[in-house]
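Novice: Got work_16.cif for you, mmCIF, C-alpha atoms and all ligand atoms:
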data_coords
loop_
_atom_site.label_atom_id
_atom_site.label_comp_id
_atom_site.auth_asym_id
_atom_site.auth_seq_id
_atom_site.Cartn_x
_atom_site.Cartn_y
_atom_site.Cartn_z
CA MET C 1 61.03 -68.02 -51.57
CA SER C 2 57.56 -69.24 -50.63
CA LEU C 3 56.83 -71.79 -47.93
CA ALA C 4 53.52 -72.52 -49.64
CA ASN C 5 54.91 -75.13 -52.03
CA GLY C 6 53.74 -78.59 -51.07
CA ARG C 7 50.19 -79.91 -50.82
CA HIS C 8 47.85 -76.95 -50.67
CA TYR C 9 45.08 -77.08 -48.08
CA LEU C 10 41.65 -75.67 -48.95
CA ALA C 11 40.25 -74.77 -45.52
CA ILE C 12 37.07 -73.10 -46.82
CA PRO C 13 33.61 -74.05 -45.57
CA GLY C 14 32.61 -76.04 -48.61
CA PRO C 15 33.37 -77.64 -50.86
CA SER C 16 35.22 -79.52 -48.14
CA VAL C 17 38.23 -81.82 -48.37
CA MET C 18 37.29 -85.04 -50.15
CA PRO C 19 38.76 -88.35 -48.99
CA ASP C 20 41.09 -89.91 -51.60
CA ARG C 21 38.87 -93.01 -51.41
CA VAL C 22 35.83 -90.98 -52.46
CA LEU C 23 37.75 -89.59 -55.41
CA GLN C 24 39.08 -93.03 -56.35
CA ALA C 25 35.59 -94.53 -56.23
CA MET C 26 34.49 -91.95 -58.78
CA HIS C 27 37.43 -92.58 -61.12
CA ARG C 28 35.83 -95.28 -63.23
CA PRO C 29 34.01 -95.80 -66.52
CA ALA C 30 30.31 -95.02 -66.79
CA PRO C 31 28.11 -97.76 -65.34
CA ASN C 32 24.90 -99.12 -66.82
CA ILE C 33 21.97 -97.07 -65.58
CA TYR C 34 19.30 -99.68 -66.34
CA THR C 35 20.37 -102.75 -64.36
CA GLY C 36 23.16 -103.81 -62.06
CA GLU C 37 25.26 -102.38 -59.29
CA LEU C 38 24.19 -98.75 -59.55
CA ILE C 39 20.52 -99.54 -59.01
CA ASP C 40 21.27 -101.49 -55.83
CA MET C 41 23.66 -98.83 -54.67
CA VAL C 42 21.01 -96.08 -54.81
CA ALA C 43 18.54 -98.28 -52.94
CA GLY C 44 21.16 -98.66 -50.20
CA ILE C 45 22.06 -94.97 -50.06
CA VAL C 46 18.50 -93.88 -49.22
CA PRO C 47 18.33 -95.52 -45.76
CA ASP C 48 21.88 -94.36 -44.98
CA LEU C 49 20.97 -90.77 -45.83
CA LYS C 50 18.06 -91.12 -43.38
CA THR C 51 20.39 -92.48 -40.69
CA VAL C 52 22.71 -89.47 -41.01
CA ALA C 53 19.71 -87.20 -40.32
CA ASP C 54 18.30 -89.56 -37.67
CA THR C 55 14.94 -89.76 -39.40
CA GLY C 56 12.44 -92.37 -40.48
CA HIS C 57 10.73 -89.94 -42.87
CA ASN C 58 11.36 -89.32 -46.58
CA VAL C 59 14.37 -88.12 -48.51
CA ALA C 60 14.27 -86.89 -52.11
CA MET C 61 17.55 -86.69 -54.00
CA TYR C 62 18.35 -84.01 -56.57
CA ILE C 63 21.14 -83.41 -59.07
CA ALA C 64 21.68 -79.90 -57.79
CA ASN C 65 23.67 -77.89 -55.30
CA GLY C 66 22.12 -76.57 -52.10
CA HIS C 67 20.24 -73.84 -53.91
CA GLY C 68 18.37 -76.54 -55.84
CA ALA C 69 17.30 -78.15 -52.56
CA TRP C 70 16.14 -74.73 -51.34
CA GLU C 71 13.94 -74.33 -54.41
CA ALA C 72 12.61 -77.89 -54.13
CA ALA C 73 11.69 -77.27 -50.47
CA LEU C 74 9.76 -74.11 -51.33
CA THR C 75 8.00 -75.33 -54.46
CA ASN C 76 6.81 -78.60 -52.91
CA THR C 77 5.13 -76.94 -49.97
CA LEU C 78 4.04 -73.41 -50.89
CA SER C 79 2.00 -71.32 -53.30
CA ARG C 80 2.39 -67.85 -54.76
CA GLY C 81 1.05 -65.38 -52.19
CA ASP C 82 1.82 -67.57 -49.16
CA THR C 83 3.69 -66.04 -46.24
CA ILE C 84 6.78 -67.51 -44.60
CA LEU C 85 8.93 -66.36 -41.67
CA ILE C 86 12.68 -66.05 -42.29
CA LEU C 87 14.91 -66.19 -39.20
CA ALA C 88 18.13 -64.60 -40.45
CA THR C 89 21.37 -65.15 -38.54
CA GLY C 90 23.97 -64.38 -41.19
CA ARG C 91 23.57 -64.78 -44.93
CA PHE C 92 22.00 -68.08 -45.79
CA CYS C 93 18.45 -67.83 -44.49
CA LEU C 94 18.23 -64.42 -46.18
CA GLY C 95 19.28 -66.08 -49.43
CA TRP C 96 16.58 -68.72 -49.02
CA GLY C 97 14.09 -65.91 -48.38
CA GLU C 98 15.22 -64.01 -51.49
CA MET C 99 14.56 -67.12 -53.55
CA ALA C 100 11.10 -67.42 -51.98
CA THR C 101 10.35 -63.77 -52.77
CA ALA C 102 11.34 -64.35 -56.40
CA LEU C 103 8.86 -67.23 -56.48
CA GLY C 104 6.05 -64.90 -55.37
CA ILE C 105 6.05 -65.92 -51.71
CA THR C 106 5.88 -63.19 -49.08
CA ALA C 107 8.91 -63.46 -46.80
CA GLU C 108 8.61 -61.81 -43.41
CA ILE C 109 12.10 -61.43 -42.01
CA ILE C 110 13.39 -61.22 -38.48
CA ASP C 111 17.07 -60.38 -38.79
CA PHE C 112 19.19 -61.25 -35.75
CA GLY C 113 22.31 -59.70 -37.30
CA HIS C 114 25.57 -61.34 -38.28
CA ALA C 115 26.88 -62.45 -34.90
CA SER C 116 23.90 -63.81 -32.93
CA ALA C 117 21.64 -66.83 -32.84
CA ILE C 118 17.87 -66.77 -33.18
CA ASP C 119 16.23 -65.11 -30.16
CA MET C 120 13.24 -67.33 -29.40
CA ASP C 121 11.37 -64.53 -27.59
CA GLN C 122 11.20 -62.53 -30.82
CA VAL C 123 10.00 -65.60 -32.71
CA ALA C 124 7.32 -66.21 -30.08
CA GLU C 125 6.17 -62.60 -30.47
CA ALA C 126 5.92 -62.90 -34.26
CA LEU C 127 3.98 -66.16 -33.99
CA ALA C 128 1.62 -64.74 -31.39
CA ALA C 129 0.98 -61.72 -33.62
CA ASP C 130 0.05 -64.03 -36.50
CA LYS C 131 -3.43 -64.72 -35.14
CA ASP C 132 -4.95 -66.10 -38.35
CA HIS C 133 -1.93 -68.29 -39.06
CA LYS C 134 -0.86 -66.66 -42.30
CA ILE C 135 2.69 -67.93 -41.77
CA LYS C 136 2.87 -71.28 -43.54
CA ALA C 137 6.50 -72.11 -42.76
CA VAL C 138 9.26 -70.93 -40.44
CA LEU C 139 12.68 -71.11 -42.10
CA ALA C 140 15.91 -71.38 -40.12
CA VAL C 141 19.49 -72.44 -40.76
CA GLN C 142 20.99 -74.81 -38.18
CA VAL C 143 24.48 -73.51 -38.96
CA ASP C 144 24.79 -70.26 -40.87
CA THR C 145 28.04 -70.65 -42.78
CA ALA C 146 28.55 -66.87 -42.97
CA SER C 147 28.36 -66.08 -39.24
CA SER C 148 29.22 -69.64 -38.07
CA VAL C 149 26.36 -69.44 -35.58
CA LYS C 150 24.58 -72.65 -34.61
CA ASN C 151 20.89 -72.11 -33.97
CA ASP C 152 18.93 -74.07 -31.38
CA ILE C 153 16.53 -76.00 -33.61
CA PRO C 154 14.82 -77.97 -30.77
CA ALA C 155 14.12 -74.65 -29.00
CA LEU C 156 12.57 -73.35 -32.21
CA ARG C 157 10.27 -76.40 -32.26
CA ARG C 158 9.29 -75.73 -28.65
CA THR C 159 8.58 -72.10 -29.52
CA LEU C 160 6.23 -73.12 -32.34
CA ASP C 161 4.51 -75.65 -30.08
CA ALA C 162 4.13 -73.18 -27.22
CA ALA C 163 2.49 -70.72 -29.62
CA GLU C 164 0.27 -73.54 -30.91
CA HIS C 165 1.20 -72.36 -34.37
CA PRO C 166 0.72 -74.84 -37.23
CA ALA C 167 3.52 -73.52 -39.49
CA LEU C 168 5.98 -76.03 -40.92
CA LEU C 169 9.50 -75.93 -39.51
CA PHE C 170 12.23 -75.91 -42.19
CA SER C 171 15.91 -76.34 -41.31
CA ASP C 172 18.85 -75.72 -43.68
CA ASN C 173 21.58 -78.18 -42.67
CA ILE C 174 23.70 -77.82 -45.78
CA ALA C 175 26.76 -76.71 -43.81
CA CYS C 176 26.52 -79.02 -40.87
CA LEU C 177 24.84 -82.38 -41.52
CA GLY C 178 27.36 -84.99 -40.42
CA CYS C 179 29.30 -82.40 -38.39
CA ASP C 180 26.96 -80.90 -35.78
CA GLU C 181 24.52 -83.16 -33.97
CA PHE C 182 21.07 -83.32 -35.55
CA HIS C 183 17.94 -85.42 -34.94
CA MET C 184 15.26 -84.58 -37.48
CA ASP C 185 12.43 -86.58 -35.90
CA ASP C 186 13.20 -86.01 -32.21
CA TRP C 187 13.62 -82.30 -32.85
CA GLY C 188 10.32 -82.06 -34.72
CA VAL C 189 11.76 -80.72 -37.97
CA ASP C 190 9.23 -81.00 -40.80
CA LEU C 191 11.64 -80.40 -43.67
CA MET C 192 15.43 -80.33 -43.87
CA VAL C 193 17.76 -79.60 -46.78
CA THR C 194 21.38 -80.60 -47.16
CA GLY C 195 24.04 -81.01 -49.86
CA SER C 196 26.78 -83.43 -50.78
CA GLN C 197 29.83 -81.16 -50.58
CA LYS C 198 30.26 -80.28 -46.93
CA GLY C 199 29.89 -82.81 -44.12
CA LEU C 200 29.14 -85.53 -46.66
CA MET C 201 32.63 -85.18 -48.24
CA THR C 202 31.47 -85.64 -51.87
CA PRO C 203 31.71 -83.13 -54.75
CA PRO C 204 29.02 -80.46 -55.09
CA GLY C 205 26.20 -81.59 -57.35
CA MET C 206 23.83 -83.63 -55.20
CA SER C 207 21.39 -82.29 -52.66
CA PHE C 208 18.70 -83.77 -50.50
CA VAL C 209 15.30 -82.68 -49.22
CA TYR C 210 14.03 -84.55 -46.19
CA PHE C 211 10.36 -84.20 -45.32
CA ASN C 212 7.80 -85.72 -42.98
CA ALA C 213 4.11 -86.49 -43.53
CA LYS C 214 3.02 -83.00 -42.48
CA ALA C 215 5.28 -81.40 -45.11
CA ASP C 216 4.11 -83.96 -47.66
CA ALA C 217 0.50 -83.02 -46.90
CA ALA C 218 1.39 -79.43 -47.82
CA ARG C 219 2.58 -80.80 -51.18
CA ASP C 220 -1.06 -81.63 -52.01
CA LYS C 221 -2.02 -77.94 -51.88
CA ALA C 222 1.25 -76.41 -53.08
CA GLY C 223 0.71 -74.28 -56.18
CA LEU C 224 4.40 -74.04 -57.02
CA VAL C 225 5.02 -77.75 -57.69
CA THR C 226 6.80 -78.38 -61.01
CA PRO C 227 7.42 -81.74 -62.71
CA TYR C 228 11.19 -81.69 -62.28
CA TRP C 229 11.38 -80.57 -58.65
CA ASP C 230 8.32 -82.55 -57.47
CA TRP C 231 9.52 -84.76 -54.62
CA ARG C 232 6.76 -87.40 -54.91
CA PRO C 233 8.14 -89.41 -57.88
CA ARG C 234 11.61 -89.32 -56.28
CA ILE C 235 10.51 -91.30 -53.23
CA ASP C 236 10.63 -95.04 -53.63
CA PRO C 237 9.89 -94.90 -57.39
CA ASP C 238 8.66 -97.87 -59.39
CA VAL C 239 11.12 -97.07 -62.19
CA PHE C 240 14.73 -96.32 -61.31
CA TYR C 241 15.10 -93.26 -63.53
CA ARG C 242 12.40 -91.42 -61.58
CA TYR C 243 14.70 -91.17 -58.55
CA PHE C 244 16.49 -88.39 -60.42
CA CYS C 245 13.90 -87.54 -63.10
CA GLY C 246 16.35 -88.76 -65.75
CA THR C 247 19.91 -90.07 -65.78
CA ALA C 248 21.28 -90.68 -62.29
CA PRO C 249 24.38 -88.77 -61.09
CA THR C 250 26.38 -91.94 -61.61
CA HIS C 251 29.79 -90.90 -60.29
CA HIS C 252 28.48 -88.90 -57.38
CA ILE C 253 26.67 -92.04 -56.28
CA TYR C 254 29.91 -94.03 -56.21
CA GLY C 255 31.60 -91.29 -54.21
CA LEU C 256 28.69 -90.81 -51.82
CA ARG C 257 28.52 -94.57 -51.16
CA VAL C 258 32.09 -94.54 -49.88
CA ALA C 259 31.57 -91.34 -47.87
CA LEU C 260 28.48 -92.75 -46.14
CA ASP C 261 30.37 -95.97 -45.35
CA MET C 262 33.16 -93.95 -43.80
CA ILE C 263 30.70 -91.97 -41.65
CA LEU C 264 28.27 -94.71 -40.62
CA LYS C 265 30.14 -98.01 -40.82
CA GLU C 266 33.77 -97.19 -40.18
CA GLU C 267 33.82 -94.22 -37.80
CA GLY C 268 30.23 -94.06 -36.56
CA LEU C 269 28.02 -90.96 -36.59
CA LYS C 270 28.46 -90.23 -32.86
CA GLN C 271 32.23 -90.45 -33.22
CA VAL C 272 32.10 -88.17 -36.27
CA TRP C 273 30.19 -85.59 -34.21
CA ALA C 274 32.66 -85.98 -31.32
CA ARG C 275 35.65 -85.48 -33.64
CA HIS C 276 34.12 -82.30 -35.03
CA ALA C 277 33.32 -81.07 -31.50
CA THR C 278 36.88 -81.57 -30.28
CA LEU C 279 38.54 -80.08 -33.36
CA ALA C 280 36.20 -77.07 -33.15
CA ARG C 281 37.08 -76.64 -29.48
CA ALA C 282 40.78 -76.58 -30.42
CA VAL C 283 40.08 -73.79 -32.93
CA TRP C 284 38.01 -71.78 -30.42
CA THR C 285 40.60 -72.21 -27.66
CA ALA C 286 43.36 -70.92 -29.92
CA PHE C 287 41.39 -67.80 -30.86
CA ASP C 288 40.01 -67.14 -27.38
CA THR C 289 43.60 -67.27 -26.08
CA TRP C 290 45.18 -65.24 -28.90
CA GLY C 291 42.46 -62.64 -28.39
CA GLN C 292 43.56 -62.02 -24.80
CA GLY C 293 46.59 -60.22 -26.23
CA GLY C 294 44.91 -58.31 -29.05
CA HIS C 295 41.64 -57.32 -30.64
CA LEU C 296 41.00 -60.46 -32.70
CA ARG C 297 38.02 -62.53 -31.66
CA LEU C 298 35.60 -65.20 -32.74
CA ASN C 299 32.47 -63.85 -34.42
CA ILE C 300 30.19 -65.85 -32.11
CA ALA C 301 30.86 -64.99 -28.48
CA ASP C 302 28.66 -67.70 -26.94
CA ALA C 303 30.50 -71.04 -27.25
CA ALA C 304 27.20 -72.95 -27.00
CA ARG C 305 26.07 -71.28 -30.21
CA ARG C 306 29.26 -71.89 -32.23
CA SER C 307 29.22 -74.43 -35.04
CA HIS C 308 31.49 -77.46 -35.08
CA ALA C 309 31.78 -77.23 -38.88
CA VAL C 310 32.94 -73.68 -39.58
CA THR C 311 34.42 -70.77 -37.63
CA THR C 312 34.14 -67.09 -38.56
CA VAL C 313 36.94 -64.91 -37.18
CA ASN C 314 36.97 -61.15 -36.73
CA MET C 315 40.59 -60.00 -36.92
CA GLY C 316 39.64 -56.29 -36.93
CA GLY C 317 41.56 -53.51 -38.69
CA GLY C 318 41.42 -55.04 -42.17
CA GLN C 319 43.67 -57.81 -40.96
CA GLY C 320 41.34 -60.63 -42.00
CA ALA C 321 42.16 -59.97 -45.66
CA GLN C 322 45.88 -59.61 -44.86
CA MET C 323 45.86 -62.92 -43.04
CA ARG C 324 44.06 -64.71 -45.88
CA ALA C 325 46.68 -63.44 -48.33
CA TRP C 326 49.58 -64.40 -46.04
CA MET C 327 48.17 -67.87 -45.40
CA SER C 328 47.75 -68.56 -49.09
CA GLU C 329 51.09 -67.12 -50.21
CA GLN C 330 53.30 -68.23 -47.32
CA ALA C 331 51.65 -71.25 -45.74
CA GLY C 332 49.72 -72.98 -48.54
CA VAL C 333 46.34 -72.65 -46.82
CA THR C 334 43.27 -71.07 -48.42
CA LEU C 335 40.92 -69.63 -45.82
CA GLY C 336 37.28 -68.77 -46.54
CA ILE C 337 36.33 -65.25 -47.58
CA PRO C 338 33.79 -63.41 -45.42
CA LEU C 339 30.15 -63.53 -46.48
CA GLY C 340 27.53 -60.97 -45.51
CA MET C 341 30.02 -58.89 -43.48
CA ASP C 342 29.48 -55.85 -45.65
CA HIS C 343 30.16 -53.44 -42.78
CA ALA C 344 33.82 -54.54 -42.60
CA PRO C 345 34.59 -57.17 -45.23
CA ASP C 346 38.37 -57.04 -44.81
CA ASP C 347 38.20 -57.77 -41.09
CA PHE C 348 36.90 -61.32 -41.34
CA PHE C 349 37.82 -64.76 -42.60
CA ARG C 350 36.32 -68.20 -42.15
CA ILE C 351 37.86 -71.59 -41.45
CA GLY C 352 36.12 -74.72 -42.66
CA HIS C 353 36.64 -77.73 -40.40
CA MET C 354 33.90 -79.94 -41.78
CA GLY C 355 33.98 -83.51 -42.99
CA HIS C 356 37.31 -85.18 -43.73
CA VAL C 357 39.35 -83.19 -41.18
CA ASN C 358 41.69 -84.43 -38.48
CA ALA C 359 43.91 -83.08 -35.73
CA GLN C 360 46.99 -82.44 -37.87
CA MET C 361 44.96 -80.51 -40.44
CA VAL C 362 43.48 -78.24 -37.77
CA LEU C 363 46.78 -77.83 -35.92
CA GLY C 364 48.47 -77.07 -39.25
CA VAL C 365 46.01 -74.24 -39.88
CA LEU C 366 46.32 -72.92 -36.31
CA GLY C 367 50.14 -73.11 -36.32
CA SER C 368 50.23 -71.31 -39.66
CA LEU C 369 47.85 -68.66 -38.31
CA GLN C 370 50.08 -68.01 -35.33
CA ALA C 371 53.11 -67.70 -37.63
CA GLY C 372 51.06 -65.28 -39.75
CA MET C 373 50.18 -63.19 -36.70
CA ALA C 374 53.86 -62.88 -35.86
CA ALA C 375 54.83 -62.12 -39.46
CA LEU C 376 52.10 -59.49 -39.84
CA GLN C 377 52.77 -58.07 -36.36
CA ILE C 378 49.19 -58.67 -35.27
CA PRO C 379 49.01 -58.39 -31.47
CA HIS C 380 48.09 -61.71 -29.89
CA GLU C 381 48.67 -63.81 -26.77
CA ALA C 382 51.31 -66.28 -27.97
CA SER C 383 50.11 -69.22 -25.88
CA GLY C 384 47.11 -69.67 -28.21
CA LEU C 385 48.64 -72.49 -30.21
CA ALA C 386 49.83 -74.28 -27.06
CA ALA C 387 46.32 -73.99 -25.61
CA ALA C 388 44.89 -75.63 -28.74
CA THR C 389 47.39 -78.49 -28.49
CA GLU C 390 46.20 -79.06 -24.92
CA VAL C 391 42.65 -79.58 -26.22
CA ILE C 392 43.91 -82.15 -28.71
CA ALA C 393 46.13 -83.82 -26.10
CA GLY C 394 43.31 -84.00 -23.57
CA ALA C 395 40.77 -85.52 -25.93
CA ASP C 396 39.68 -89.05 -25.09
CA ALA C 397 41.18 -91.61 -27.42
C1 LIG C 401 26.76 -73.93 -48.68
C2 LIG C 401 25.46 -73.53 -48.11
C3 LIG C 401 24.35 -73.24 -48.93
C4 LIG C 401 24.42 -73.18 -50.41
O1 LIG C 401 24.77 -74.38 -50.98
P1 LIG C 401 25.18 -74.41 -52.52
O2 LIG C 401 25.55 -75.84 -52.73
O3 LIG C 401 26.33 -73.47 -52.68
O4 LIG C 401 24.01 -74.00 -53.33
C5 LIG C 401 23.14 -72.96 -48.30
N1 LIG C 401 23.03 -72.94 -46.97
C6 LIG C 401 24.08 -73.18 -46.16
C7 LIG C 401 23.88 -73.14 -44.68
C8 LIG C 401 25.32 -73.48 -46.70
O5 LIG C 401 26.37 -73.72 -45.90
#
Could you write out this file's structure as structure tokens?
Ligand SMILES: *Cc1c(COP(=O)(O)O)cnc(C)c1O
Specialist:
Amino acid sequence: MSLANGRHYLAIPGPSVMPDRVLQAMHRPAPNIYTGELIDMVAGIVPDLKTVADTGHNVAMYIANGHGAWEAALTNTLSRGDTILILATGRFCLGWGEMATALGITAEIIDFGHASAIDMDQVAEALAADKDHKIKAVLAVQVDTASSVKNDIPALRRTLDAAEHPALLFSDNIACLGCDEFHMDDWGVDLMVTGSQKGLMTPPGMSFVYFNAKADAARDKAGLVTPYWDWRPRIDPDVFYRYFCGTAPTHHIYGLRVALDMILKEEGLKQVWARHATLARAVWTAFDTWGQGGHLRLNIADAARRSHAVTTVNMGGGQGAQMRAWMSEQAGVTLGIPLGMDHAPDDFFRIGHMGHVNAQMVLGVLGSLQAGMAALQIPHEASGLAAATEVIAGADA
């Protein structure tokens, strides 16, 4: 017998659960790409994408996953031989840095490990040491999906300003745009990248590079610009096909239109953030309580630095892998594999709670986890699930 039969739940940190309405909007014949509805739809999506990032600056759209947006960000602003500063807090900023290195950019790395946020004192030191301003850009990830840490992007801006350093500030928000609060302009972010398949609840295959005038000025000198990835023709183009340098991602656009309506018109961005915050708090409360009776714990100790979109759990003793197997085989839930935890890969798993996620989905995962702990005889404080239900019960309606 398996109790996993029934609707399977993919609780990995991207691709996230897609609303049925997004899927239904995509289930349609190909539209005309020269005139009509699609053209108007794209024109309407651009300002809504800006609203989600709270910015009045530019957004370029790409038919690519997040890695494509990474490459577009680098090639539009930098040249071979330039230096950038990578602030690594898990796996993803390192990956961005590896791509930069392959492009001939020199990536200086400060690695804060796999369970800590960026330490601004170390950044300040590195900036102060860079007296002739060789560092052209400082790259950070708001939420590192491997460690589930949430970095303090406004503090990073203040650190750059205090050092009077002219480097551009890049933020990777692929995991967390539309989940964790973000204000591109107020926070002084020069360039931000995100993708369609996480908080934006649409299939992988579209990504977005947001940039301000300072980043666009760097485009004038950037030696790595290529015709396809160039962001200039993609901004407010005179001819529709230049938005995507060729055929538009027709069906993604239909899906994204519905997803943006759900976020901005129906629920409201602030309410979306609040829902993610409360659901994340339920997850943390369960684990913090369970951990009082055993050795399992959340990867990020400081609650202020935990993401609202994804949670990385350290079960210890190889029990992360055991729990993932049990959850899939006995409860019908797929948890995320660990990333970048090479020192103890079997100890960890990740839970995605980004995008189209509600209380019953999170409580279903947490209830299943507690059943798994009992079945696998993993020591835990059994009031963890009850504590999580208290968070849900106490949330303002
Ligand atoms: C998912 C993710 C990426 C990579 O996105 P792809 O679409 O898989 O290329 C990069 N950065 C972060 C923070 C992510 O969560």
Novice: Could you work out how far atom O5 of ligand LIG 401 (chain C) lies from atom CA of C:Pro13, giving the answer in Å with one decimal?
Specialist: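 Separation of atom CA of C:Pro13 and atom O5 of ligand LIG 401 (chain C): 7.3 Å.
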Novice: Set the cut-off to 7 Å, count only C-alpha atoms and all ligand atoms, and list whatever residues fall near ligand LIG 401 (chain C) as a PDB file with C-alpha atoms, in the coordinates of the input.
Specialist:
ATOM      1  CA  GLY C  14      32.610 -76.040 -48.610  1.00  0.00           C
ATOM      2  CA  ASN C  65      23.670 -77.890 -55.300  1.00  0.00           C
ATOM      3  CA  GLY C  66      22.120 -76.570 -52.100  1.00  0.00           C
ATOM      4  CA  HIS C  67      20.240 -73.840 -53.910  1.00  0.00           C
ATOM      5  CA  GLY C  68      18.370 -76.540 -55.840  1.00  0.00           C
ATOM      6  CA  PHE C  92      22.000 -68.080 -45.790  1.00  0.00           C
ATOM      7  CA  VAL C 141      19.490 -72.440 -40.760  1.00  0.00           C
ATOM      8  CA  VAL C 143      24.480 -73.510 -38.960  1.00  0.00           C
ATOM      9  CA  ASP C 144      24.790 -70.260 -40.870  1.00  0.00           C
ATOM     10  CA  THR C 145      28.040 -70.650 -42.780  1.00  0.00           C
ATOM     11  CA  ASP C 172      18.850 -75.720 -43.680  1.00  0.00           C
ATOM     12  CA  ASN C 173      21.580 -78.180 -42.670  1.00  0.00           C
ATOM     13  CA  ILE C 174      23.700 -77.820 -45.780  1.00  0.00           C
ATOM     14  CA  ALA C 175      26.760 -76.710 -43.810  1.00  0.00           C
ATOM     15  CA  GLY C 195      24.040 -81.010 -49.860  1.00  0.00           C
ATOM     16  CA  PRO C 204      29.020 -80.460 -55.090  1.00  0.00           C
TER      17      PRO C 204
END
Novice: State, in Å with one decimal place, the distance from atom CA of C:Met354 to atom CA of C:His57.
Specialist: 25.3 Å
Novice: Figure out the distance between atom CA of C:Ala259 and atom CA of C:Arg21, please, to one decimal in Å.
Specialist: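 We find that atom CA of C:Arg21 and atom CA of C:Ala259 lie 8.3 Å from each other.
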Novice: Against stretch 105-116 of chain C, which residues of stretch 189-268 of chain C fall within 12 Å? For each one I want the closest pair of atoms and the distance in Å (one decimal), counting only C-alpha atoms, rows by chain and increasing residue number, as a Markdown table.
Specialist:
| residue | atom | partner | partner_atom | distance |
| --- | --- | --- | --- | --- |
| C:Ala222 | CA | C:Ile105 | CA | 11.6 |
| C:Gly223 | CA | C:Ile105 | CA | 10.9 |
| C:Leu224 | CA | C:Ile105 | CA | 9.8 |
Novice: Can you tell me which residues surround C:Pro338 at a distance of at most 8 Å, considering all atoms listed in the file, apart from same-chain residues fewer than 5 positions away, and format the answer as a PyMOL selection string?
Specialist: chain C and resi 146+312+345-346+348-350
Novice: Next, dump the selected residues to file, keeping only C-alpha atoms, as a CSV table (one decimal), in the frame of the given file.
Specialist:
chain,number,residue,atom,x,y,z
C,146,ALA,CA,28.6,-66.9,-43.0
C,312,THR,CA,34.1,-67.1,-38.6
C,345,PRO,CA,34.6,-57.2,-45.2
C,346,ASP,CA,38.4,-57.0,-44.8
C,348,PHE,CA,36.9,-61.3,-41.3
C,349,PHE,CA,37.8,-64.8,-42.6
C,350,ARG,CA,36.3,-68.2,-42.2
Novice: Would you mind putting back N, CA and C atoms on stretch 115-126 of chain C, then writing it out as a JSON list (two decimals), in the coordinates of the input?
Specialist:
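Generated output (out_26.json):
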[["chain", "number", "residue", "atom", "x", "y", "z"],
["C", 115, "ALA", "N", 26.04, -61.86, -35.95],
["C", 115, "ALA", "CA", 26.88, -62.45, -34.90],
["C", 115, "ALA", "C", 26.04, -63.03, -33.75],
["C", 116, "SER", "N", 24.77, -63.29, -34.00],
["C", 116, "SER", "CA", 23.90, -63.81, -32.93],
["C", 116, "SER", "C", 22.99, -64.91, -33.44],
["C", 117, "ALA", "N", 22.59, -65.77, -32.52],
["C", 117, "ALA", "CA", 21.64, -66.83, -32.84],
["C", 117, "ALA", "C", 20.22, -66.28, -32.82],
["C", 118, "ILE", "N", 19.29, -67.12, -33.23],
["C", 118, "ILE", "CA", 17.87, -66.77, -33.18],
["C", 118, "ILE", "C", 17.46, -66.52, -31.72],
["C", 119, "ASP", "N", 16.76, -65.40, -31.49],
["C", 119, "ASP", "CA", 16.23, -65.11, -30.16],
["C", 119, "ASP", "C", 14.78, -65.61, -30.14],
["C", 120, "MET", "N", 14.55, -66.66, -29.36],
["C", 120, "MET", "CA", 13.24, -67.33, -29.40],
["C", 120, "MET", "C", 12.12, -66.42, -28.92],
["C", 121, "ASP", "N", 12.42, -65.45, -28.06],
["C", 121, "ASP", "CA", 11.37, -64.53, -27.59],
["C", 121, "ASP", "C", 10.79, -63.73, -28.76],
["C", 122, "GLN", "N", 11.68, -63.30, -29.65],
["C", 122, "GLN", "CA", 11.20, -62.53, -30.82],
["C", 122, "GLN", "C", 10.39, -63.42, -31.76],
["C", 123, "VAL", "N", 10.78, -64.68, -31.87],
["C", 123, "VAL", "CA", 10.00, -65.60, -32.71],
["C", 123, "VAL", "C", 8.62, -65.81, -32.09],
["C", 124, "ALA", "N", 8.59, -66.01, -30.78],
["C", 124, "ALA", "CA", 7.32, -66.21, -30.08],
["C", 124, "ALA", "C", 6.39, -65.02, -30.29],
["C", 125, "GLU", "N", 6.96, -63.81, -30.24],
["C", 125, "GLU", "CA", 6.17, -62.60, -30.47],
["C", 125, "GLU", "C", 5.57, -62.59, -31.87],
["C", 126, "ALA", "N", 6.39, -62.92, -32.86],
["C", 126, "ALA", "CA", 5.92, -62.90, -34.26],
["C", 126, "ALA", "C", 4.83, -63.94, -34.46]]
